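Data from input_35.csv: CSV, C-alpha atoms and all ligand atoms
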chain,number,residue,atom,x,y,z
A,1,MET,CA,43.5,-44.0,237.7
A,2,SER,CA,40.0,-44.6,238.9
A,3,ALA,CA,37.3,-45.3,236.4
A,4,LYS,CA,34.2,-43.1,236.1
A,5,LEU,CA,31.3,-45.3,237.1
A,6,LEU,CA,28.5,-45.5,234.5
A,7,PHE,CA,25.2,-46.0,236.4
A,8,GLY,CA,22.2,-47.3,234.5
A,9,LYS,CA,19.5,-45.8,236.7
A,10,PRO,CA,19.6,-42.1,235.5
A,11,ILE,CA,19.5,-43.3,231.9
A,12,GLN,CA,16.7,-45.7,232.6
A,13,GLU,CA,14.8,-42.7,234.2
A,14,ALA,CA,15.3,-40.6,231.1
A,15,LEU,CA,14.1,-43.4,228.9
A,16,LEU,CA,11.0,-44.0,231.0
A,17,GLU,CA,10.2,-40.3,231.0
A,18,GLU,CA,10.3,-40.3,227.2
A,19,VAL,CA,8.2,-43.4,227.0
A,20,ALA,CA,5.7,-42.0,229.6
A,21,ALA,CA,5.3,-38.8,227.6
A,22,SER,CA,4.5,-40.8,224.5
A,23,ALA,CA,2.0,-42.9,226.4
A,24,ARG,CA,0.3,-39.7,227.6
A,25,THR,CA,0.0,-38.5,224.0
A,26,ILE,CA,-1.5,-41.7,223.0
A,27,ILE,CA,-4.1,-41.7,225.8
A,28,GLU,CA,-4.9,-38.0,225.2
A,29,ALA,CA,-5.6,-38.9,221.6
A,30,GLY,CA,-8.2,-41.3,222.9
A,31,GLN,CA,-6.3,-44.4,222.0
A,32,ARG,CA,-5.4,-47.4,224.1
A,33,PRO,CA,-1.9,-47.2,225.7
A,34,PRO,CA,0.7,-49.8,224.7
A,35,HIS,CA,0.2,-53.1,226.4
A,36,LEU,CA,3.0,-55.6,227.5
A,37,THR,CA,2.2,-59.1,228.6
A,38,ALA,CA,5.0,-61.2,230.2
A,39,VAL,CA,4.9,-65.0,230.4
A,40,LEU,CA,6.7,-66.7,233.3
A,41,VAL,CA,6.9,-70.5,233.5
A,42,GLY,CA,7.9,-71.8,236.9
A,43,GLY,CA,8.9,-70.3,240.2
A,44,ASP,CA,12.5,-69.2,239.7
A,45,PRO,CA,12.8,-66.3,242.2
A,46,ALA,CA,15.2,-64.2,240.0
A,47,SER,CA,12.9,-64.6,237.0
A,48,ALA,CA,9.9,-63.7,239.1
A,49,ILE,CA,11.6,-60.5,240.2
A,50,TYR,CA,12.5,-59.6,236.6
A,51,VAL,CA,8.9,-60.1,235.4
A,52,ARG,CA,7.5,-58.1,238.3
A,53,THR,CA,9.9,-55.2,237.7
A,54,LYS,CA,9.0,-55.1,234.0
A,55,THR,CA,5.2,-55.2,234.6
A,56,ASN,CA,5.5,-52.6,237.4
A,57,LYS,CA,7.6,-50.2,235.3
A,58,SER,CA,5.2,-50.7,232.4
A,59,ARG,CA,2.3,-49.5,234.6
A,60,GLU,CA,4.4,-46.6,236.0
A,61,VAL,CA,4.8,-45.2,232.4
A,62,GLY,CA,1.1,-45.6,231.7
A,63,PHE,CA,1.1,-48.8,229.8
A,64,GLY,CA,-1.2,-51.7,230.3
A,65,SER,CA,0.7,-54.8,231.6
A,66,GLU,CA,0.2,-58.1,233.3
A,67,ALA,CA,2.1,-61.3,233.8
A,68,ILE,CA,0.8,-64.8,233.0
A,69,ILE,CA,2.4,-67.2,235.5
A,70,LEU,CA,2.3,-70.8,234.5
A,71,PRO,CA,3.3,-73.8,236.7
A,72,GLN,CA,6.8,-75.3,236.5
A,73,GLU,CA,5.4,-78.5,234.9
A,74,THR,CA,3.8,-76.7,231.9
A,75,THR,CA,4.6,-78.4,228.7
A,76,THR,CA,6.0,-76.8,225.5
A,77,LYS,CA,2.7,-77.3,223.9
A,78,GLU,CA,0.9,-75.5,226.7
A,79,VAL,CA,3.3,-72.6,226.6
A,80,LEU,CA,2.8,-72.4,222.8
A,81,SER,CA,-1.0,-72.3,223.2
A,82,THR,CA,-0.6,-69.3,225.6
A,83,VAL,CA,1.8,-67.6,223.1
A,84,THR,CA,-0.7,-68.2,220.3
A,85,ARG,CA,-3.6,-66.7,222.3
A,86,LEU,CA,-1.5,-63.6,223.0
A,87,ASN,CA,-0.5,-63.4,219.3
A,88,GLU,CA,-4.1,-63.3,218.4
A,89,ASP,CA,-5.2,-60.9,221.1
A,90,ASP,CA,-5.3,-57.4,219.5
A,91,ALA,CA,-5.1,-55.8,222.9
A,92,VAL,CA,-1.6,-57.1,223.4
A,93,ASP,CA,1.2,-55.1,221.7
A,94,GLY,CA,4.3,-56.8,223.3
A,95,ILE,CA,4.9,-60.4,224.4
A,96,LEU,CA,7.8,-61.2,226.6
A,97,VAL,CA,8.6,-64.9,227.4
A,98,GLN,CA,10.9,-64.8,230.5
A,99,LEU,CA,14.0,-66.9,230.2
A,100,PRO,CA,15.2,-69.4,231.2
A,101,LEU,CA,12.2,-71.7,230.6
A,102,PRO,CA,12.2,-75.0,232.6
A,103,GLU,CA,14.6,-77.5,231.0
A,104,HIS,CA,11.8,-79.7,229.6
A,105,CYS,CA,10.5,-76.8,227.5
A,106,ASP,CA,11.8,-76.2,224.0
A,107,THR,CA,12.9,-72.6,224.2
A,108,LYS,CA,13.7,-72.1,220.5
A,109,THR,CA,10.2,-73.4,219.5
A,110,VAL,CA,8.5,-71.1,222.0
A,111,LEU,CA,10.5,-68.0,221.0
A,112,ASP,CA,10.0,-68.7,217.3
A,113,ALA,CA,6.2,-68.9,217.9
A,114,VAL,CA,6.0,-65.3,219.2
A,115,ASP,CA,4.5,-63.0,216.5
A,116,PRO,CA,7.5,-61.0,215.2
A,117,ALA,CA,5.5,-57.8,215.4
A,118,LYS,CA,5.0,-58.3,219.2
A,119,ASP,CA,8.5,-59.7,219.9
A,120,VAL,CA,9.7,-56.9,222.1
A,121,ASP,CA,12.7,-58.9,223.3
A,122,CYS,CA,13.9,-59.1,219.6
A,123,PHE,CA,14.6,-62.9,219.8
A,124,HIS,CA,12.6,-64.0,216.7
A,125,PRO,CA,14.8,-65.0,213.8
A,126,HIS,CA,12.9,-62.6,211.6
A,127,ASN,CA,13.8,-59.7,213.8
A,128,THR,CA,17.4,-61.0,214.2
A,129,GLY,CA,17.6,-60.9,210.4
A,130,LEU,CA,16.4,-57.3,210.2
A,131,LEU,CA,18.9,-56.4,212.9
A,132,VAL,CA,21.8,-58.0,211.0
A,133,GLN,CA,20.9,-56.1,207.9
A,134,GLY,CA,21.0,-52.9,209.9
A,135,ARG,CA,17.3,-52.1,209.7
A,136,PRO,CA,16.1,-53.3,213.1
A,137,ARG,CA,12.4,-53.4,213.9
A,138,PHE,CA,13.2,-53.7,217.6
A,139,ALA,CA,16.4,-53.2,219.5
A,140,PRO,CA,17.5,-56.3,221.5
A,141,ALA,CA,16.9,-55.0,225.0
A,142,THR,CA,20.2,-55.5,226.8
A,143,PRO,CA,22.6,-54.6,224.0
A,144,ALA,CA,20.5,-51.6,222.9
A,145,GLY,CA,20.5,-50.5,226.6
A,146,ILE,CA,24.3,-50.6,226.5
A,147,ILE,CA,24.3,-48.4,223.3
A,148,GLU,CA,22.0,-45.9,225.1
A,149,LEU,CA,24.4,-45.9,228.0
A,150,LEU,CA,27.4,-45.3,225.8
A,151,GLU,CA,25.8,-42.6,223.6
A,152,ARG,CA,24.2,-40.8,226.5
A,153,SER,CA,27.5,-40.8,228.4
A,154,ASP,CA,29.2,-39.2,225.3
A,155,ILE,CA,31.4,-42.3,224.7
A,156,GLU,CA,32.6,-42.4,221.1
A,157,ILE,CA,31.9,-45.7,219.3
A,158,ALA,CA,32.8,-45.0,215.6
A,159,GLY,CA,36.3,-46.0,214.8
A,160,LYS,CA,36.9,-47.7,218.2
A,161,HIS,CA,37.9,-51.3,218.7
A,162,ALA,CA,35.1,-53.1,220.6
A,163,VAL,CA,35.8,-56.5,222.0
A,164,ILE,CA,32.8,-58.6,223.3
A,165,ILE,CA,33.3,-61.6,225.5
A,166,GLY,CA,30.4,-64.0,224.9
A,167,ARG,CA,28.6,-65.0,221.7
A,168,SER,CA,25.0,-65.6,222.9
A,169,ASP,CA,22.0,-64.8,220.7
A,170,ILE,CA,20.7,-62.6,223.5
A,171,VAL,CA,23.7,-60.4,224.3
A,172,GLY,CA,27.0,-61.1,222.5
A,173,LYS,CA,25.9,-61.4,218.9
A,174,PRO,CA,23.3,-58.6,218.8
A,175,MET,CA,25.8,-56.4,220.8
A,176,ALA,CA,28.3,-57.0,218.0
A,177,MET,CA,25.8,-56.0,215.3
A,178,LEU,CA,24.8,-52.8,217.1
A,179,LEU,CA,28.4,-51.7,217.6
A,180,LEU,CA,29.3,-52.7,214.0
A,181,HIS,CA,26.4,-50.6,212.7
A,182,ARG,CA,27.8,-47.6,214.7
A,183,HIS,CA,31.2,-48.1,212.9
A,184,ALA,CA,33.2,-49.8,215.6
A,185,THR,CA,35.7,-52.5,214.7
A,186,VAL,CA,34.3,-55.5,216.4
A,187,THR,CA,35.9,-58.7,217.8
A,188,ILE,CA,33.8,-61.4,219.4
A,189,CYS,CA,35.5,-63.7,221.8
A,190,HIS,CA,34.2,-66.9,223.4
A,191,SER,CA,35.1,-69.9,225.4
A,192,ARG,CA,37.6,-71.2,222.8
A,193,THR,CA,39.4,-67.9,222.1
A,194,PRO,CA,43.1,-68.4,222.8
A,195,ASP,CA,44.8,-65.8,225.0
A,196,LEU,CA,41.6,-64.0,225.8
A,197,ALA,CA,43.3,-61.4,228.0
A,198,ALA,CA,45.6,-60.3,225.2
A,199,VAL,CA,42.7,-59.9,222.8
A,200,CYS,CA,40.7,-57.9,225.3
A,201,ARG,CA,43.7,-55.6,226.0
A,202,GLY,CA,43.3,-54.4,222.4
A,203,ALA,CA,39.8,-53.1,223.3
A,204,ASP,CA,38.8,-49.4,223.6
A,205,ILE,CA,35.4,-50.7,224.6
A,206,LEU,CA,35.2,-54.1,226.3
A,207,VAL,CA,31.9,-55.8,226.9
A,208,ALA,CA,31.8,-58.8,229.2
A,209,ALA,CA,28.7,-61.0,228.7
A,210,VAL,CA,29.8,-64.4,230.0
A,211,GLY,CA,28.2,-65.4,233.3
A,212,VAL,CA,31.5,-66.2,235.0
A,213,PRO,CA,31.9,-64.2,238.2
A,214,GLY,CA,34.9,-61.9,238.3
A,215,MET,CA,36.7,-63.5,235.3
A,216,VAL,CA,37.7,-60.1,233.8
A,217,THR,CA,40.8,-58.9,235.7
A,218,LYS,CA,43.0,-55.8,235.3
A,219,GLU,CA,45.1,-57.9,232.9
A,220,PHE,CA,42.3,-57.8,230.4
A,221,VAL,CA,42.0,-54.0,230.3
A,222,LYS,CA,43.9,-51.4,228.3
A,223,PRO,CA,44.4,-48.4,230.6
A,224,GLY,CA,41.6,-45.9,230.0
A,225,ALA,CA,39.3,-48.4,228.2
A,226,VAL,CA,35.5,-48.4,228.7
A,227,VAL,CA,34.4,-51.6,230.4
A,228,ILE,CA,30.8,-52.8,230.3
A,229,ASP,CA,29.9,-55.6,232.6
A,230,VAL,CA,26.7,-57.4,231.6
A,231,GLY,CA,27.2,-60.4,234.0
A,232,ILE,CA,24.7,-61.0,236.7
A,233,ASN,CA,26.0,-63.8,238.9
A,234,ARG,CA,24.8,-64.9,242.3
A,235,VAL,CA,27.8,-65.9,244.5
A,236,ALA,CA,26.8,-67.8,247.6
A,237,ASP,CA,30.4,-68.8,248.6
A,238,ARG,CA,31.7,-66.3,251.1
A,239,ASP,CA,35.4,-66.8,250.2
A,240,GLN,CA,34.7,-66.4,246.4
A,241,ALA,CA,32.7,-63.2,247.1
A,242,ALA,CA,35.5,-61.9,249.3
A,243,ASP,CA,38.1,-62.8,246.7
A,244,ILE,CA,36.3,-61.0,243.9
A,245,LEU,CA,34.7,-58.0,245.7
A,246,GLY,CA,37.4,-57.3,248.3
A,247,ASP,CA,36.5,-54.2,250.4
A,248,SER,CA,33.4,-53.5,248.3
A,249,ALA,CA,31.6,-56.7,249.5
A,250,ASP,CA,28.3,-55.8,251.3
A,251,TRP,CA,28.4,-58.5,254.1
A,252,GLU,CA,25.2,-57.3,255.6
A,253,ARG,CA,23.4,-58.1,252.4
A,254,PHE,CA,25.2,-61.4,252.1
A,255,GLU,CA,23.9,-62.4,255.6
A,256,GLU,CA,20.4,-61.2,254.7
A,257,ARG,CA,20.2,-63.0,251.3
A,258,GLY,CA,22.7,-65.8,251.4
A,259,TYR,CA,24.5,-64.5,248.3
A,260,LEU,CA,25.9,-61.4,246.6
A,261,VAL,CA,25.3,-60.4,243.0
A,262,VAL,CA,28.6,-60.2,241.2
A,263,GLY,CA,29.5,-59.2,237.6
A,264,ASP,CA,31.9,-60.8,235.2
A,265,VAL,CA,34.3,-58.0,235.9
A,266,ARG,CA,36.2,-57.6,239.1
A,267,PRO,CA,35.6,-54.2,240.8
A,268,ASP,CA,39.4,-53.5,241.0
A,269,VAL,CA,39.4,-53.2,237.2
A,270,ALA,CA,38.3,-49.6,238.0
A,271,GLU,CA,42.0,-49.0,238.7
A,272,ALA,CA,42.8,-49.5,235.0
A,273,ALA,CA,39.6,-48.6,233.1
A,274,GLY,CA,38.6,-45.1,232.1
A,275,ALA,CA,34.9,-45.8,232.7
A,276,MET,CA,33.0,-48.9,233.8
A,277,THR,CA,29.5,-50.1,234.7
A,278,PRO,CA,29.1,-51.4,238.3
A,279,VAL,CA,27.1,-54.6,239.1
A,280,PRO,CA,24.4,-54.2,240.3
A,281,ARG,CA,23.1,-50.8,239.1
A,282,GLY,CA,24.9,-50.7,235.8
A,283,VAL,CA,23.5,-52.4,232.7
A,284,GLY,CA,20.5,-54.1,234.4
A,285,PRO,CA,18.1,-51.1,234.6
A,286,LEU,CA,18.6,-50.3,230.9
A,287,THR,CA,17.3,-53.7,229.8
A,288,ILE,CA,14.0,-52.9,231.4
A,289,GLY,CA,13.9,-49.4,229.9
A,290,MET,CA,14.5,-50.8,226.4
A,291,VAL,CA,11.7,-53.4,226.7
A,292,LEU,CA,9.3,-50.5,227.2
A,293,VAL,CA,10.8,-48.5,224.3
A,294,ASN,CA,10.2,-51.6,222.2
A,295,THR,CA,6.6,-52.1,223.5
A,296,LEU,CA,5.9,-48.5,222.4
A,297,ALA,CA,7.4,-49.2,219.0
A,298,ALA,CA,5.3,-52.3,218.6
A,299,ALA,CA,2.1,-50.4,219.4
A,300,ARG,CA,3.1,-47.7,216.9
A,301,GLU,CA,3.8,-50.2,214.2
A,302,ARG,CA,0.8,-52.5,214.8
A,303,ARG,CA,-1.8,-49.9,215.6
A,304,GLY,CA,-0.3,-46.6,214.3
A,305,VAL,CA,-0.8,-45.0,217.7
A,306,GLY,CA,1.1,-41.9,218.8
A,307,GLY,CA,2.6,-40.9,215.5
A,308,GLU,CA,6.1,-41.4,214.3
A,309,SER,CA,8.7,-43.1,216.5
A,401,LIG,P1,25.2,-67.4,227.8
A,401,LIG,O1,25.5,-68.5,228.8
A,401,LIG,O2,24.1,-67.7,226.8
A,401,LIG,O3,26.5,-67.1,226.9
A,401,LIG,C1,27.7,-67.0,227.6
A,401,LIG,C2,28.8,-66.8,226.5
A,401,LIG,O4,30.1,-66.7,227.2
A,401,LIG,C3,28.9,-68.0,225.5
A,401,LIG,O5,28.9,-67.5,224.2
A,401,LIG,C4,30.3,-68.6,225.8
A,401,LIG,O6,31.0,-68.9,224.6
A,401,LIG,C5,31.0,-67.5,226.5
A,401,LIG,N1,31.9,-68.0,227.5
A,401,LIG,C6,31.6,-68.9,228.5
A,401,LIG,N2,32.8,-69.2,229.2
A,401,LIG,C7,33.7,-68.4,228.7
A,401,LIG,C8,35.1,-68.2,229.0
A,401,LIG,N3,35.7,-68.9,230.1
A,401,LIG,N4,35.8,-67.4,228.3
A,401,LIG,C9,35.3,-66.7,227.3
A,401,LIG,N5,34.0,-66.8,226.9
A,401,LIG,C10,33.2,-67.7,227.6
A,401,LIG,O7,24.9,-66.1,228.6
A,401,LIG,P2,24.1,-64.8,228.3
A,401,LIG,O8,22.7,-65.0,228.2
A,401,LIG,O9,24.8,-64.1,227.1
A,401,LIG,O10,24.4,-64.0,229.6
A,401,LIG,C11,25.7,-63.6,230.0
A,401,LIG,C12,25.7,-63.0,231.3
A,401,LIG,O11,24.9,-61.8,231.2
A,401,LIG,C13,25.0,-63.8,232.5
A,401,LIG,O12,25.6,-63.5,233.7
A,401,LIG,C14,23.6,-63.2,232.5
A,401,LIG,O13,23.0,-63.4,233.7
A,401,LIG,C15,23.9,-61.8,232.2
A,401,LIG,N6,22.7,-61.0,231.5
A,401,LIG,C16,22.5,-59.8,232.0
A,401,LIG,C17,21.5,-59.1,231.5
A,401,LIG,C18,21.2,-57.7,232.0
A,401,LIG,O14,20.1,-57.2,231.8
A,401,LIG,N7,22.2,-57.1,232.7
A,401,LIG,C19,20.7,-59.5,230.4
A,401,LIG,C20,21.1,-60.8,229.9
A,401,LIG,C21,22.1,-61.5,230.4
Would you mind writing the file's structure down as structure tokens?
Amino acid sequence: MSAKLLFGKPIQEALLEEVAASARTIIEAGQRPPHLTAVLVGGDPASAIYVRTKTNKSREVGFGSEAIILPQETTTKEVLSTVTRLNEDDAVDGILVQLPLPEHCDTKTVLDAVDPAKDVDCFHPHNTGLLVQGRPRFAPATPAGIIELLERSDIEIAGKHAVIIGRSDIVGKPMAMLLLHRHATVTICHSRTPDLAAVCRGADILVAAVGVPGMVTKEFVKPGAVVIDVGINRVADRDQAADILGDSADWERFEERGYLVVGDVRPDVAEAAGAMTPVPRGVGPLTIGMVLVNTLAAARERRGVGGES
């Protein structure tokens, strides 16, 4: 058996087209388009790429967007004062604080300071509470992107057993809520789950959100299951990359960059799975798409632009 590969890009394109059409309607009605502001603290190259991609895609769909880039040594207090200024700025509909913040910054305090009405990442406890109650204001971007991927690929969720590896506030927990609200039976696994592979073998839908390169092997997968790989891991060790990726390793890219991006799932899981997302080009593009969907929703809720969502 060879799994059908579920690519995120076509679904991202569909999402962006829908968002762009709404932005055009708003502009034609003489209103300001939705506006997304990203805050980046420090010079982490991967974070800088994520922020640039989000602001570029925002502009592509007709939104206003910019990034505020603060130096690595910025204190929590200084980040908070930027967030407060953006909260008070009526021209800003969505605020996105790129994680991870430098170690000396208090991430929880910063995220809690974002106005819940502008919290397009859906990290604020108020928005998490609404999500848990099944009446989300915003969809947490990565898990909601996965739901879009499943639904637009005609993969049934209701009645299925979904197993999630990882219990982070950003991916694992909100993923569980979104699947539960769509009537899946949900199991959340984590670093202390005994016999993880056996639990995962019970899954019709397996979501890996761990951050350990290649930890999910064929032994974790029931034949025909849908496997969603959220992991984005840079592997700079040639032997490790060769062991995980086998023939699919792009050595030219490895030489060029000094690392390869590897998921939590080994590519040879495709021999057992019915469908799976590749890494890269699987879940990643959907996260960006959903941030823009949320920015549109924020502009609608705050300013009543563009009619019903
Ligand atoms: P995290 O470190 O906050 O959480 C990891 C979770 O995995 C924890 O709950 C932990 O209990 C669990 N875990 C750790 N080791 C384990 C083990 N050996 N067995 C079982 N469970 C284990 O990470 P996160 O923010 O949820 O991100 C997870 C991965 O997803 C990372 O690789 C990250 O880069 C990636 N990610 C991708 C996107 C995207 O857009 N594709 C978005 C967010 C995160």
Quiz item: Which residue gives the smallest distance to Ile95 (chain A) among A:Ala225, A:Val291, A:Ile232, A:Val163, with all atoms listed in the file counted?
Solution: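 Closest to Ile95 (chain A), using all atoms listed in the file: A:Val291.
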Please produce, as a Markdown table, a per-residue contact table for chain A versus ligand LIG 401 (chain A) (criterion: any atom at most 6 Å away, all atoms listed in the file considered), showing the nearest atom pair and its distance in Å to one decimal, sorted by chain then residue number.
| residue | atom | partner | partner_atom | distance |
| --- | --- | --- | --- | --- |
| A:Thr142 | CA | A:LIG401 | O14 | 5.3 |
| A:Ile165 | CA | A:LIG401 | N5 | 5.4 |
| A:Gly166 | CA | A:LIG401 | O4 | 3.6 |
| A:Arg167 | CA | A:LIG401 | O5 | 3.5 |
| A:Ser168 | CA | A:LIG401 | O9 | 4.5 |
| A:Ile170 | CA | A:LIG401 | O8 | 5.6 |
| A:Val171 | CA | A:LIG401 | O9 | 4.8 |
| A:Gly172 | CA | A:LIG401 | O9 | 5.9 |
| A:His190 | CA | A:LIG401 | N5 | 3.5 |
| A:Ser191 | CA | A:LIG401 | N5 | 3.6 |
| A:Ala209 | CA | A:LIG401 | C11 | 4.2 |
| A:Val210 | CA | A:LIG401 | O4 | 3.6 |
| A:Gly211 | CA | A:LIG401 | O12 | 3.2 |
| A:Val230 | CA | A:LIG401 | N7 | 4.6 |
| A:Gly231 | CA | A:LIG401 | O12 | 3.5 |
| A:Ile232 | CA | A:LIG401 | O12 | 4.0 |
| A:Asn233 | CA | A:LIG401 | O12 | 5.2 |
| A:Val283 | CA | A:LIG401 | N7 | 4.9 |
| A:Gly284 | CA | A:LIG401 | N7 | 3.8 |
| A:Thr287 | CA | A:LIG401 | O14 | 4.9 |
Exercise. Would you list the residues near (28.4, -63.8, 249.9) (no more than 7 Å away, in the coordinates of the file, using all atoms listed in the file) as a ChimeraX atom specification?
Key: /A:235-238,241,251,254,258-260
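With all atoms listed in the file as the atoms that count, the residue of A:Gly94, A:Met290, A:Asp44, A:Asp169 with the shortest distance to Leu131 (chain A) is A:Asp169.
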Quiz item: With distances taken over all atoms listed in the file, which of A:Val212, A:Val61, A:Ile26, A:Ile147 is nearest to Ile11 (chain A)?
Solution: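 Looking at the shortest contact to Ile11 (chain A), the residue is A:Ile147.
Between CA of Thr193 (chain A) and CA of Leu180 (chain A) there is a distance of 20.0 Å.
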Practice problem: Do a neighbour search on Cys200 (chain A) at 6 Å with all atoms listed in the file, toss out local chain neighbours closer than 3 positions, and write the hits as a PyMOL selection string. | Solution: chain A and resi 197+203+220
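Counting from CA of Glu219 (chain A), the distance to CA of Ile244 (chain A) is 14.4 Å.
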Quiz item: Quick one, how far is CA of Cys105 (chain A) from CA of Thr74 (chain A)?
Solution: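 Spanning CA of Cys105 (chain A) to CA of Thr74 (chain A) is a straight-line distance of 8.0 Å.
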Exercise. Can you work out which one of A:Gly62, A:Arg152, A:Val120, A:Pro174 has the shortest atom-to-atom distance to Ser22 (chain A), counting all atoms listed in the file?
Key: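 Looking only at the distances to Ser22 (chain A), the closest residue turns out to be A:Gly62.
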Quiz item: So which one's closest to Arg303 (chain A), A:Val41, A:Ala198, A:Val92, A:Ala249? Using all atoms listed in the file, please.
Solution: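 Result for the nearest residue to Arg303 (chain A): A:Val92.
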Exercise. Counting only C-alpha atoms, select every polymer residue within 7 Å of (27.1, -51.5, 229.3) as defined in the file's coordinates, and provide the selection as a ChimeraX atom specification.
Key: /A:146,149,207,228-230,277,282-283
Quiz item: Closest to Val83 (chain A) among A:Ile69, A:Val39, A:Ile49, A:Ala242, using all atoms listed in the file?
Solution: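 The answer is A:Val39, which sits nearest to Val83 (chain A).
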Exercise. Would you list the contacts of region 88-91 of chain A as an MDAnalysis selection string, taking every protein, DNA or RNA residue within 12 Å and counting all atoms listed in the file, but skipping same-chain residues closer than 5 positions in sequence?
Key: chainID A and resid 31:37 63:66 81:83 113:115 117:118 298:299 302:303
Quiz item: Leaving out Val216 (chain A) and any residue of its chain fewer than 4 positions from it, which residues lie within 8 Å of it when counting all atoms listed in the file, given as number ranges by chain?
Solution: A: 208, 220, 264-266, 269
So that each row is one residue of region 78-109 of chain A with an atom at most 10 Å from region 123-128 of chain A, can you give its shortest atom pair and the distance in Å to one decimal, using only C-alpha atoms, rows by chain and rising number, as a Markdown table?
| residue | atom | partner | partner_atom | distance |
| --- | --- | --- | --- | --- |
| A:Leu96 | CA | A:Phe123 | CA | 9.8 |
| A:Val97 | CA | A:Phe123 | CA | 9.9 |
| A:Lys108 | CA | A:His124 | CA | 9.0 |
Complete region 142-147 of chain A with all heavy atoms (output as a PDB file, in the frame of the given file).
ATOM      1  N   THR A 142      19.015 -55.745 226.023  1.00  0.00           N
ATOM      2  CA  THR A 142      20.200 -55.500 226.800  1.00  0.00           C
ATOM      3  C   THR A 142      21.315 -54.800 225.959  1.00  0.00           C
ATOM      4  O   THR A 142      21.830 -53.750 226.369  1.00  0.00           O
ATOM      5  CB  THR A 142      20.767 -56.824 227.419  1.00  0.00           C
ATOM      6  OG1 THR A 142      19.738 -57.343 228.270  1.00  0.00           O
ATOM      7  CG2 THR A 142      22.035 -56.620 228.214  1.00  0.00           C
ATOM      8  N   PRO A 143      21.634 -55.308 224.759  1.00  0.00           N
ATOM      9  CA  PRO A 143      22.600 -54.600 224.000  1.00  0.00           C
ATOM     10  C   PRO A 143      22.203 -53.178 223.591  1.00  0.00           C
ATOM     11  O   PRO A 143      23.017 -52.258 223.606  1.00  0.00           O
ATOM     12  CB  PRO A 143      22.772 -55.465 222.700  1.00  0.00           C
ATOM     13  CG  PRO A 143      22.223 -56.790 223.063  1.00  0.00           C
ATOM     14  CD  PRO A 143      21.212 -56.566 224.121  1.00  0.00           C
ATOM     15  N   ALA A 144      20.913 -52.992 223.300  1.00  0.00           N
ATOM     16  CA  ALA A 144      20.500 -51.600 222.900  1.00  0.00           C
ATOM     17  C   ALA A 144      20.549 -50.713 224.149  1.00  0.00           C
ATOM     18  O   ALA A 144      20.861 -49.523 224.012  1.00  0.00           O
ATOM     19  CB  ALA A 144      19.022 -51.692 222.428  1.00  0.00           C
ATOM     20  N   GLY A 145      20.310 -51.254 225.336  1.00  0.00           N
ATOM     21  CA  GLY A 145      20.500 -50.500 226.600  1.00  0.00           C
ATOM     22  C   GLY A 145      21.918 -50.014 226.720  1.00  0.00           C
ATOM     23  O   GLY A 145      22.197 -48.884 227.138  1.00  0.00           O
ATOM     24  N   ILE A 146      22.841 -50.898 226.354  1.00  0.00           N
ATOM     25  CA  ILE A 146      24.300 -50.600 226.500  1.00  0.00           C
ATOM     26  C   ILE A 146      24.618 -49.431 225.467  1.00  0.00           C
ATOM     27  O   ILE A 146      25.360 -48.506 225.785  1.00  0.00           O
ATOM     28  CB  ILE A 146      25.141 -51.815 226.221  1.00  0.00           C
ATOM     29  CG1 ILE A 146      24.929 -52.778 227.390  1.00  0.00           C
ATOM     30  CG2 ILE A 146      26.613 -51.459 226.051  1.00  0.00           C
ATOM     31  CD1 ILE A 146      25.494 -54.174 227.185  1.00  0.00           C
ATOM     32  N   ILE A 147      24.042 -49.495 224.269  1.00  0.00           N
ATOM     33  CA  ILE A 147      24.300 -48.400 223.300  1.00  0.00           C
ATOM     34  C   ILE A 147      23.740 -47.090 223.854  1.00  0.00           C
ATOM     35  O   ILE A 147      24.411 -46.052 223.771  1.00  0.00           O
ATOM     36  CB  ILE A 147      23.601 -48.750 221.930  1.00  0.00           C
ATOM     37  CG1 ILE A 147      24.231 -49.994 221.298  1.00  0.00           C
ATOM     38  CG2 ILE A 147      23.651 -47.544 220.984  1.00  0.00           C
ATOM     39  CD1 ILE A 147      25.646 -49.832 220.780  1.00  0.00           C
TER      40      ILE A 147
END
